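So this block is start-v6.pdb, PDB, C-alpha atoms and all ligand atoms:
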ATOM      1  CA  MET A1116      37.638 177.727 -10.197
ATOM      2  CA  LYS A1117      41.028 178.751  -8.850
ATOM      3  CA  ARG A1118      39.794 182.289  -8.331
ATOM      4  CA  LEU A1119      36.773 181.000  -6.495
ATOM      5  CA  LEU A1120      38.906 178.916  -4.167
ATOM      6  CA  MET A1121      41.061 181.923  -3.455
ATOM      7  CA  MET A1122      38.047 184.047  -2.660
ATOM      8  CA  MET A1123      36.792 181.359  -0.347
ATOM      9  CA  SER A1124      40.028 181.103   1.587
ATOM     10  CA  VAL A1125      40.327 184.868   1.917
ATOM     11  CA  GLY A1126      36.802 184.932   3.327
ATOM     12  CA  LEU A1127      37.767 182.237   5.792
ATOM     13  CA  LEU A1128      40.863 184.077   6.940
ATOM     14  CA  LEU A1129      38.919 187.280   7.487
ATOM     15  CA  ASN A1130      36.227 185.431   9.383
ATOM     16  CA  SER A1131      38.561 183.628  11.718
ATOM     17  CA  ALA A1132      40.527 186.783  12.443
ATOM     18  CA  ALA A1133      37.329 188.613  13.364
ATOM     19  CA  ASN A1134      36.256 185.719  15.547
ATOM     20  CA  ALA A1135      39.494 185.402  17.426
ATOM     21  CA  ALA A1136      39.273 189.075  18.284
ATOM     22  CA  THR A1137      35.694 189.121  19.534
ATOM     23  CA  LYS A1138      35.028 185.744  21.106
ATOM     24  CA  SER A1139      36.113 184.624  24.517
ATOM     25  CA  LEU A1140      35.197 181.060  23.615
ATOM     26  CA  ASP A1141      36.869 180.257  20.332
ATOM     27  CA  GLY A1142      34.234 178.699  18.061
ATOM     28  CA  GLN A1143      36.838 177.660  15.533
ATOM     29  CA  ALA A1144      38.872 175.783  18.149
ATOM     30  CA  ILE A1145      35.704 174.052  19.374
ATOM     31  CA  PHE A1146      34.940 173.107  15.774
ATOM     32  CA  ASN A1147      38.413 171.725  15.195
ATOM     33  CA  LEU A1148      38.160 169.576  18.313
ATOM     34  CA  ASN A1149      34.577 168.337  18.091
ATOM     35  CA  CYS A1150      33.254 168.674  14.597
ATOM     36  CA  SER A1151      36.032 168.501  12.038
ATOM     37  CA  VAL A1152      36.163 164.693  12.166
ATOM     38  CA  CYS A1153      32.917 164.731  10.217
ATOM     39  CA  HIS A1154      32.576 168.243   8.802
ATOM     40  CA  SER A1155      34.868 170.008   6.363
ATOM     41  CA  VAL A1156      34.414 173.772   6.089
ATOM     42  CA  THR A1157      34.320 173.894   2.288
ATOM     43  CA  PRO A1158      33.488 171.115  -0.179
ATOM     44  CA  PRO A1159      34.346 168.310  -0.752
ATOM     45  CA  PRO A1160      32.464 166.849   2.215
ATOM     46  CA  LYS A1161      33.896 164.303   4.669
ATOM     47  CA  THR A1162      31.043 162.322   6.279
ATOM     48  CA  ALA A1163      28.762 165.352   6.786
ATOM     49  CA  PRO A1164      27.754 168.462   4.830
ATOM     50  CA  PRO A1165      30.495 171.136   4.679
ATOM     51  CA  ILE A1166      29.942 174.136   6.950
ATOM     52  CA  MET A1167      30.160 176.980   4.459
ATOM     53  CA  PRO A1168      27.210 175.900   2.278
ATOM     54  CA  LEU A1169      25.242 175.191   5.484
ATOM     55  CA  ALA A1170      25.948 178.729   6.617
ATOM     56  CA  SER A1171      24.547 180.013   3.304
ATOM     57  CA  HIS A1172      21.343 178.056   3.948
ATOM     58  CA  TYR A1173      21.022 179.598   7.382
ATOM     59  CA  HIS A1174      21.532 183.108   6.053
ATOM     60  CA  GLN A1175      18.778 182.473   3.507
ATOM     61  CA  LYS A1176      16.370 181.058   6.042
ATOM     62  CA  PHE A1177      16.899 183.283   9.096
ATOM     63  CA  LYS A1178      16.831 187.058   9.162
ATOM     64  CA  THR A1179      18.961 187.595  12.246
ATOM     65  CA  LYS A1180      22.041 185.965  13.658
ATOM     66  CA  THR A1181      20.209 185.333  16.939
ATOM     67  CA  GLU A1182      17.514 183.266  15.201
ATOM     68  CA  GLY A1183      20.068 181.366  13.185
ATOM     69  CA  VAL A1184      22.318 180.663  16.156
ATOM     70  CA  ASN A1185      19.324 179.542  18.249
ATOM     71  CA  HIS A1186      18.397 177.034  15.560
ATOM     72  CA  ILE A1187      21.931 175.703  15.195
ATOM     73  CA  THR A1188      22.439 175.395  18.961
ATOM     74  CA  ALA A1189      19.142 173.515  19.365
ATOM     75  CA  TYR A1190      20.043 171.224  16.458
ATOM     76  CA  LEU A1191      23.439 170.338  17.895
ATOM     77  CA  LYS A1192      21.783 169.334  21.165
ATOM     78  CA  SER A1193      19.164 167.143  19.551
ATOM     79  CA  PRO A1194      19.325 166.639  15.802
ATOM     80  CA  LYS A1195      15.910 165.822  14.334
ATOM     81  CA  LYS A1196      14.889 165.291  10.776
ATOM     82  CA  GLU A1197      11.953 167.764  11.073
ATOM     83  CA  LYS A1198      14.341 170.473  12.221
ATOM     84  CA  ALA A1199      17.049 169.973   9.640
ATOM     85  CA  ILE A1200      17.770 172.883   7.328
ATOM     86  CA  ASP A1201      18.611 170.408   4.597
ATOM     87  CA  PRO A1202      16.736 167.103   5.018
ATOM     88  CA  GLN A1203      18.505 165.739   1.941
ATOM     89  CA  ALA A1204      21.731 165.830   3.928
ATOM     90  CA  ILE A1205      20.232 163.255   6.289
ATOM     91  CA  THR A1206      19.341 161.012   3.371
ATOM     92  CA  ARG A1207      22.871 161.322   2.107
ATOM     93  CA  PHE A1208      24.899 161.268   5.333
ATOM     94  CA  GLY A1209      22.551 159.915   8.031
ATOM     95  CA  LEU A1210      21.372 161.884  11.072
ATOM     96  CA  MET A1211      23.979 163.756  13.059
ATOM     97  CA  PRO A1212      24.569 162.358  16.581
ATOM     98  CA  ALA A1213      23.589 164.681  19.485
ATOM     99  CA  LEU A1214      26.562 166.458  21.034
ATOM    100  CA  THR A1215      27.156 166.665  24.763
ATOM    101  CA  LEU A1216      29.092 169.914  24.987
ATOM    102  CA  PRO A1217      28.367 172.670  27.533
ATOM    103  CA  ASP A1218      25.747 175.172  26.308
ATOM    104  CA  ALA A1219      28.246 178.008  26.107
ATOM    105  CA  GLU A1220      30.479 175.981  23.787
ATOM    106  CA  LEU A1221      27.569 174.897  21.602
ATOM    107  CA  ARG A1222      26.527 178.522  21.258
ATOM    108  CA  ALA A1223      30.075 179.669  20.484
ATOM    109  CA  VAL A1224      30.513 177.046  17.784
ATOM    110  CA  ALA A1225      27.017 177.832  16.420
ATOM    111  CA  GLU A1226      28.018 181.491  16.095
ATOM    112  CA  TRP A1227      31.162 180.411  14.337
ATOM    113  CA  VAL A1228      29.116 178.291  11.893
ATOM    114  CA  TRP A1229      26.840 181.271  11.184
ATOM    115  CA  ASP A1230      29.878 183.461  10.521
ATOM    116  CA  GLN A1231      31.291 181.088   7.900
ATOM    117  CA  TYR A1232      28.816 182.550   5.408
ATOM    118  CA  ASP A1233      30.741 184.248   2.647
ATOM    119  CA  PRO A1234      28.641 186.818   0.757
ATOM    120  CA  ASN A1235      31.149 186.614  -2.104
ATOM    121  CA  MET A1236      29.945 183.117  -2.753
ATOM    122  CA  GLY A1237      26.556 184.606  -3.546
ATOM    123  CA  MET A1238      24.590 181.567  -4.618
ATOM    124  CA  GLY A1239      26.562 179.410  -2.207
ATOM    125  CA  ARG A1240      23.725 176.932  -2.025
ATOM    126  CA  GLY A1241      25.167 173.495  -2.565
ATOM    127  CA  MET A1242      28.309 174.811  -4.269
ATOM    128  CA  GLY A1243      30.504 172.039  -5.476
ATOM    129  CA  MET A1244      28.960 169.390  -3.261
ATOM    130  CA  GLY A1245      26.296 168.734  -5.843
ATOM    131  CA  SER A1246      23.212 169.157  -3.702
ATOM    132  CA  ARG A1247      21.431 169.661  -6.998
ATOM    133  CA  GLY A1248      22.706 166.272  -8.041
ATOM    134  CA  MET A1249      21.076 164.755  -4.968
ATOM    135  CA  ASN A1250      17.634 165.616  -6.273
ATOM    136  CA  PRO A1251      15.901 162.601  -7.745
TER     137      PRO A1251
HETATM  138  C1  LIG A1301      29.878 161.992  13.953
HETATM  139  C2  LIG A1301      29.883 162.974  12.878
HETATM  140  C3  LIG A1301      29.496 164.411  13.216
HETATM  141  C4  LIG A1301      30.031 165.231  14.183
HETATM  142  C5  LIG A1301      31.109 164.902  15.217
HETATM  143  C6  LIG A1301      29.381 166.512  14.026
HETATM  144  N1  LIG A1301      28.462 166.456  13.007
HETATM  145 FE1  LIG A1301      27.271 168.002  12.349
HETATM  146  N2  LIG A1301      26.331 166.738  11.071
HETATM  147  C7  LIG A1301      26.696 165.438  10.830
HETATM  148  C8  LIG A1301      25.840 164.891   9.789
HETATM  149  C9  LIG A1301      25.918 163.467   9.243
HETATM  150  C10 LIG A1301      24.949 165.923   9.423
HETATM  151  C11 LIG A1301      23.863 165.879   8.311
HETATM  152  C12 LIG A1301      22.609 165.222   8.765
HETATM  153  C13 LIG A1301      21.866 166.070   9.748
HETATM  154  O1  LIG A1301      21.574 167.245   9.436
HETATM  155  O2  LIG A1301      21.567 165.564  10.846
HETATM  156  C14 LIG A1301      25.278 167.075  10.263
HETATM  157  C15 LIG A1301      24.609 168.290  10.223
HETATM  158  C16 LIG A1301      25.054 169.435  10.847
HETATM  159  C17 LIG A1301      24.449 170.728  10.708
HETATM  160  C18 LIG A1301      23.187 171.060   9.911
HETATM  161  C19 LIG A1301      22.029 171.083  10.877
HETATM  162  C20 LIG A1301      20.723 171.528  10.261
HETATM  163  O3  LIG A1301      20.232 172.599  10.631
HETATM  164  O4  LIG A1301      20.207 170.816   9.419
HETATM  165  C21 LIG A1301      25.210 171.602  11.436
HETATM  166  C22 LIG A1301      25.021 173.089  11.582
HETATM  167  C23 LIG A1301      26.252 170.837  12.052
HETATM  168  N3  LIG A1301      26.131 169.529  11.678
HETATM  169  C24 LIG A1301      27.225 171.356  12.856
HETATM  170  C25 LIG A1301      28.095 170.597  13.628
HETATM  171  C26 LIG A1301      28.966 171.150  14.640
HETATM  172  C27 LIG A1301      29.096 172.627  14.959
HETATM  173  C28 LIG A1301      29.630 170.097  15.210
HETATM  174  C29 LIG A1301      30.611 170.128  16.367
HETATM  175  C30 LIG A1301      30.217 170.858  17.566
HETATM  176  C31 LIG A1301      29.189 168.886  14.532
HETATM  177  N4  LIG A1301      28.257 169.236  13.583
HETATM  178  C32 LIG A1301      29.668 167.611  14.800
HETATM  179  C33 LIG A1301      27.720 164.731  11.444
HETATM  180  C34 LIG A1301      28.497 165.187  12.487
END
Re-express the file's structure as structure tokens.
Ligand code: HEC
Amino acid sequence: MKRLLMMMSVGLLLNSAANAATKSLDGQAIFNLNCSVCHSVTPPPKTAPPIMPLASHYHQKFKTKTEGVNHITAYLKSPKKEKAIDPQAITRFGLMPALTLPDAELRAVAEWVWDQYDPNMGMGRGMGMGSRGMNP
């Protein structure tokens, strides 16, 4: 478990370094300001699903970053149960409120979310937050 945590934090460090270098709008800073009240990055969750397992879902569901980022951006603007990548999260946490950020910021933070995927986590699906346990 310790080793896993270490791998996860190394992945995070690498990701944020890459982001800071390539993004004019800093997705991580936008996340810290607007999202981190509810979302943690790694489990355990606060009042919403942690970002890293969500990112794993997106990488499983969408082939390209563009598709994934389009979905995330649209979801942030108007969260809907039919659109959710993980409807069980809504049962557990309630529906996310729509965010009124400028489009460019929503897109930047959506790209940041996508980039939180850590291939080292492999079967990242639901890691540690017990999404399996949420099944009836
Ligand atoms: C007031 C609390 C709150 C804030 C603030 C918040 N979220 Fe959420 N978010 C939730 C909850 C609760 C869910 C799970 C239910 C759902 O999917 O609607 C969720 C779900 C999500 C999902 C999964 C969407 C999907 O495809 O199913 C993403 C991605 C996400 N949030 C990103 C963000 C980002 C990025 C921000 C900041 C720009 C943010 N959230 C701000 C509460 C919040």
Expected answer as a ChimeraX atom specification: residues within 7 Å of ligand LIG 1301 (chain A), only C-alpha atoms and all ligand atoms: /A:1145-1146,1149-1154,1162-1164,1166,1169,1186-1187,1190-1191,1194-1196,1198-1202,1204-1205,1208-1212,1214,1221,1224-1225,1228
Spatial neighbours of region 1216-1219 of chain A, 9 Å, all atoms listed in the file, chain gap at least 6 places, as a PyMOL selection string: chain A and resi 1140+1149+1188+1192
Nearest-residue call for Leu1148 (chain A), choices A:Lys1180, A:Gln1175, A:Arg1118, A:Glu1220, using all atoms listed in the file: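 Closest residue, counting all atoms listed in the file: A:Glu1220.
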Answer key for the PyMOL selection byres (((chain A and resi 1156) around 6) and not hetatm), residues as a list of chain:residue names: A:Ser1155, A:Thr1157, A:Pro1165, A:Ile1166, A:Met1167
Separation of CA of Gln1203 (chain A) from CA of Thr1179 (chain A), in Å and rounded to one decimal: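 Separation of CA of Gln1203 (chain A) and CA of Thr1179 (chain A): 24.2 Å.
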Separation of CA of Gly1183 (chain A) from CA of Pro1159 (chain A) in Å: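 These atoms are spaced 23.8 Å apart.
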If the box runs along x, y and z of the file and leaves 8 Å on each side of region 1200-1215 of chain A, what are its centre and edge lengths in Å, one decimal, as lines of an AutoDock Vina configuration file?
center_x = 21.9
center_y = 166.4
center_z = 13.4
size_x = 26.4
size_y = 29.0
size_z = 38.8
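If you look at CA of Gln1231 (chain A) and CA of Ser1193 (chain A), they are 21.8 Å away from each other.
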Proximity to Arg1222 (chain A) - best of A:Ser1171, A:Thr1206, A:Gly1142, A:Glu1182, only C-alpha atoms: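 Among the listed residues, A:Gly1142 lies closest to Arg1222 (chain A).
The closest residue to Asn1147 (chain A), picked from A:Trp1227, A:Ala1189, A:Thr1215, A:Asp1233 and counting all atoms listed in the file, is A:Trp1227.
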Residue with smallest distance to Ala1144 (chain A) - pool A:Pro1234, A:Lys1176, A:Lys1161, A:Ala1223, counting all atoms listed in the file: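 Closest candidate: A:Ala1223.
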Given only C-alpha atoms as the counted atoms, nearest of A:Glu1226, A:Pro1160, A:Tyr1232, A:His1172 to Asn1185 (chain A): A:Glu1226
